[in-house]
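J.: Got a structure for you, written out below as structure tokens; questions coming shortly.
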Amino acid sequence: MAKKATETTTVKKTTKKPAAKVLPAIEKTSKTGKLPEIKVVKDKKIVFLGSEAAPFIATGGLADVLGSLPKALAQNEHLDVSVILPLYGNINKDFKEKFKFLTNFNVSVSWRLQYAGVYYYEHQGVKFYFIDNEYYFKREGNIYGFYDDGERFAFFSRAALDTIARLNIYPDILHCNDWQTAASIVYLKGMYYGDEKFRKIKSVFTIHNIEYQGIFGMETYGDVFGFPESINNFVEFNGSVNLMKAAIEMTDIVSTVSPTYAEEIKNSYFAHGLESIINRNANKLYGILNGIDIDYYNPETDAYLFKNYSVSDLSGKAVCKAELQKMLNLPVRADVPMIAIISRLVSHKGLDLVRSAIESLLTQDVQIVILGKGEIAYENFFEHISHCYSGKCVTVIAFNQDLSRKIYSGADIFLMPSKMEPCGLSQMIASRYGTVPVVRETGGLNDSIKAYTGVKGNGFTFHDYNAHDMLYVINEAIRAYKDEKVWKDVQNRVMTTDFSWSVQAGEYEKLYDK
Ligand code: GLC
């Protein structure tokens, strides 16, 4: 445990002054400490907490969801929807310049007192609050993966609650997402309940991926998180602090991002050690399939595309394919099936299956494009294969929005053979662009893509985690591709499947009503 005596020195070292340098153009509130009124006149207030949200900062599917679900909910005139995010140094400057400084205060991170500034921006009907502390969030490169991630998100989780109090925006529902904001639920239920306004708040905790739990050594329990001894039972798991476990135990409702995944995580194969915790909280567990923002992913208007197109006129898609082939130095041919993978290159995405099957696939007349980054072993493997099969296979190691849209629109078949997939959005995005998904029947892939039978279905699917089964359905897709009439029918079904939030947001509304 840290001794009191160290307090002053550490505060001096790490406490930050208001971020005058990052956001020079922003007008500040008067020095009297009087806060601007944020008007809330709706029936129900929802505050989302998350570690990333499009379009401000995105590294994965969580950002898509936090960029689109709040927006969809805000269309309901009875809901007042806010999102609180960290003010990362790498949020686009064009946005940052528009943020308005609201207030600043100090936040307790256990025995530390850390500066928190709050900035505000309204976007698509949603109120966004950004928590500023340059020491924690102005870092080079990635937004996670630092030695002190526990402390960074302990700070954020607490600062978010303090922002709610400071701005008097107490919600009816606090909706936290993944381990980075799990500590907010622990603070809310375990430390802030003495305050009646906090006590009234109900909480939803959404698991986007149970693999990442926020596990830290027990030495962080008091020293970093400042949790009281009385809640040790909730927080500790297998001799460590486990934030996701704590949130599951303490929240009012747990949700996850597809009905199939909600069932799967009761099972040790999927639960990464938390199956007993999930099972004993199963009475408050719900699975709601994510949607996507169909305005953002729209082949008719998407400015990233070489040419726009629609389900009724796919001629633009042929242009997208030819231009993509040119761009990637592949032979420009309309008749060759182009198979795409756009994915984080990590093992749960099913890349071991691809690794075993790719060479036998490449002996056929196909083109394969891989876009993503992640584990070095996969990066090296796919780069090596592309080198061996140049002119047929291209790998781009990157997370690149522009190129991803060009691939989503230019390719014919989208391969997503995940071993585990809580929801998966890429299969929905690919569908929107008429690129036919081939998926494994797990998690949200199982709930969103049904096998094409000639009379129904919107893709090609296989069940067992087996490379031969995968190869078999890829070949089924290729056969369909070669029959123009069949392919037109498949594409039509794929493109007209409704993956918008219009239905699913309603499921969240029902959950909030509970
Ligand atoms: C995580 C999951 C992914 C899901 C996304 C959004 O990234 O791995 O399956 O689609 O969160 O919920």
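Ligands are numbered from 1 in the order shown, residues from 1 within each chain, and chains are lettered A, B, ... in the order they appear in the structure tokens.
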How would you write, as a VMD selection string, the set of residues no farther than 9 Å from ligand 1 when counting only C-alpha atoms and all ligand atoms?

T.: chain A and resid 59 to 66 178 206 to 211 256 to 258 289 to 290 348 to 349 420 to 426 443 to 445

J.: Just list as a VMD selection string whatever in region 98-201 of chain A DSSP marks as strand (DSSP E).

T.: chain A and resid 100 to 109 112 to 123 126 to 132 173 to 177

J.: Keeping only C-alpha atoms, write the selected residues as a compact mmCIF listing (two decimals), in the first residue's frame.

T.:
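New file selection.txt:
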# COMPACT_ATOMS: atom_id res chain seq x y z
CA LYS A 100 -16.27 23.08 -25.81
CA PHE A 101 -14.57 23.17 -22.41
CA LEU A 102 -17.11 22.79 -19.60
CA THR A 103 -15.32 22.31 -16.34
CA ASN A 104 -12.41 20.74 -14.52
CA PHE A 105 -11.91 19.10 -11.13
CA ASN A 106 -9.68 16.60 -9.37
CA VAL A 107 -10.41 12.89 -9.35
CA SER A 108 -9.25 10.40 -6.71
CA VAL A 109 -7.39 7.49 -8.17
CA ARG A 112 -3.65 10.12 -6.12
CA LEU A 113 -5.50 13.26 -7.07
CA GLN A 114 -5.59 13.67 -10.82
CA TYR A 115 -6.76 16.52 -13.01
CA ALA A 116 -9.86 15.93 -15.12
CA GLY A 117 -11.12 18.40 -17.69
CA VAL A 118 -14.51 17.91 -19.34
CA TYR A 119 -15.19 18.87 -22.93
CA TYR A 120 -18.51 18.70 -24.72
CA TYR A 121 -19.69 18.14 -28.26
CA GLU A 122 -23.09 17.31 -29.64
CA HIS A 123 -23.08 14.96 -32.60
CA VAL A 126 -26.05 12.54 -28.94
CA LYS A 127 -24.25 14.48 -26.18
CA PHE A 128 -20.59 13.53 -26.04
CA TYR A 129 -18.46 14.36 -23.00
CA PHE A 130 -14.70 13.90 -23.22
CA ILE A 131 -12.54 13.48 -20.13
CA ASP A 132 -9.21 15.22 -20.49
CA ILE A 173 -29.39 4.14 -16.78
CA LEU A 174 -25.61 3.98 -16.75
CA HIS A 175 -24.61 1.76 -19.66
CA CYS A 176 -20.99 0.56 -19.38
CA ASN A 177 -19.10 -1.38 -22.03

J.: As a VMD selection string, please: the residues near Leu73 (chain A) (cut-off 10 Å, only C-alpha atoms, same-chain neighbours under 4 positions excluded).

T.: chain A and resid 46 68 to 69 77 to 81 125 to 126 501 to 502 504 to 506 508 to 509

J.: Skip Ser343 (chain A) itself and residues of its chain fewer than 2 positions away, then list as number ranges by chain all residues within 8 Å of it, counting only C-alpha atoms.

T.: A: 341, 345, 349, 371-373

J.: Convert the current residue selection to file output with all heavy atoms, as a CSV table (one decimal), in the first residue's frame.

T.:
chain,number,residue,atom,x,y,z
A,341,ILE,N,-10.6,-10.9,-46.7
A,341,ILE,CA,-10.6,-11.0,-45.2
A,341,ILE,C,-10.3,-9.6,-44.7
A,341,ILE,O,-9.2,-9.1,-45.1
A,341,ILE,CB,-9.6,-12.0,-44.7
A,341,ILE,CG1,-10.0,-13.4,-45.1
A,341,ILE,CG2,-9.5,-12.0,-43.2
A,341,ILE,CD1,-8.9,-14.5,-44.8
A,345,LEU,N,-5.9,-9.4,-36.9
A,345,LEU,CA,-5.2,-10.7,-37.1
A,345,LEU,C,-4.9,-11.4,-35.7
A,345,LEU,O,-3.7,-11.4,-35.3
A,345,LEU,CB,-3.9,-10.5,-38.0
A,345,LEU,CG,-4.2,-9.9,-39.3
A,345,LEU,CD1,-2.9,-9.7,-40.1
A,345,LEU,CD2,-5.2,-10.7,-40.2
A,349,LYS,N,-10.2,-15.0,-34.5
A,349,LYS,CA,-10.9,-14.7,-35.7
A,349,LYS,C,-10.8,-15.9,-36.7
A,349,LYS,O,-11.3,-15.8,-37.9
A,349,LYS,CB,-10.2,-13.5,-36.4
A,349,LYS,CG,-10.4,-12.2,-35.6
A,349,LYS,CD,-11.9,-11.8,-35.6
A,349,LYS,CE,-12.1,-10.5,-34.8
A,349,LYS,NZ,-13.5,-10.1,-34.8
A,371,LEU,N,-6.7,-7.8,-45.3
A,371,LEU,CA,-6.4,-6.5,-44.6
A,371,LEU,C,-6.6,-6.6,-43.1
A,371,LEU,O,-7.6,-7.0,-42.6
A,371,LEU,CB,-7.3,-5.4,-45.2
A,371,LEU,CG,-7.3,-4.0,-44.5
A,371,LEU,CD1,-5.9,-3.4,-44.7
A,371,LEU,CD2,-8.4,-3.1,-44.9
A,372,GLY,N,-5.5,-6.2,-42.4
A,372,GLY,CA,-5.6,-6.3,-41.0
A,372,GLY,C,-4.3,-6.2,-40.3
A,372,GLY,O,-3.2,-6.3,-41.0
A,373,LYS,N,-4.3,-6.0,-39.0
A,373,LYS,CA,-3.0,-6.2,-38.3
A,373,LYS,C,-3.3,-6.9,-37.0
A,373,LYS,O,-4.4,-6.9,-36.5
A,373,LYS,CB,-2.3,-4.9,-38.1
A,373,LYS,CG,-3.0,-3.8,-37.4
A,373,LYS,CD,-2.2,-2.5,-37.4
A,373,LYS,CE,-2.8,-1.5,-36.5
A,373,LYS,NZ,-1.9,-0.3,-36.3

J.: What does the structure give for the distance between CA of Tyr408 (chain A) and CA of Lys96 (chain A), in Å to one decimal?

T.: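 Between CA of Tyr408 (chain A) and CA of Lys96 (chain A) the gap is 29.3 Å.
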
J.: Taking into account only C-alpha atoms, which residue in the set A:Val319, A:Ala53, A:Ile277, A:Val438 is nearest to Glu476 (chain A)?

T.: A:Val438

J.: Using only C-alpha atoms, which residues sit within 6 Å of Ala182 (chain A) once same-chain residues fewer than 6 positions away are excluded, as a PyMOL selection string?

T.: chain A and resi 243-244+247

J.: Counting only C-alpha atoms, figure out which residue out of A:Ile292, A:Val346, A:Leu362, A:Cys320 gets nearest to Asp498 (chain A).

T.: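 Looking at the shortest contact to Asp498 (chain A), the residue is A:Ile292.
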
J.: Name the residues in contact with region 481-485 of chain A at a cut-off of 9 Å, using only C-alpha atoms, excluding same-chain residues fewer than 5 positions from it; report them as an NGL selection string.

T.: :A and (335-337 or 412-413 or 476 or 490)

J.: Give the answer as one residue: which of A:Asn298, A:Lys419, A:Lys197, A:Asp365 has the shortest atom-to-atom distance to Tyr261 (chain A), using only C-alpha atoms?

T.: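 Nearest to Tyr261 (chain A): A:Lys419.
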
J.: CA of Val241 (chain A) and CA of Asn279 (chain A) are how many Å apart?

T.: 19.7 Å

J.: Enter the distance from CA of Thr163 (chain A) to CA of Ile84 (chain A), in Å, rounded to one decimal.

T.: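 Computed distance, CA of Thr163 (chain A) to CA of Ile84 (chain A), equals 9.0 Å.
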
J.: Closest to Asn242 (chain A) among A:Ala480, A:Tyr192, A:Gly150, A:Glu264, using only C-alpha atoms?

T.: A:Gly150
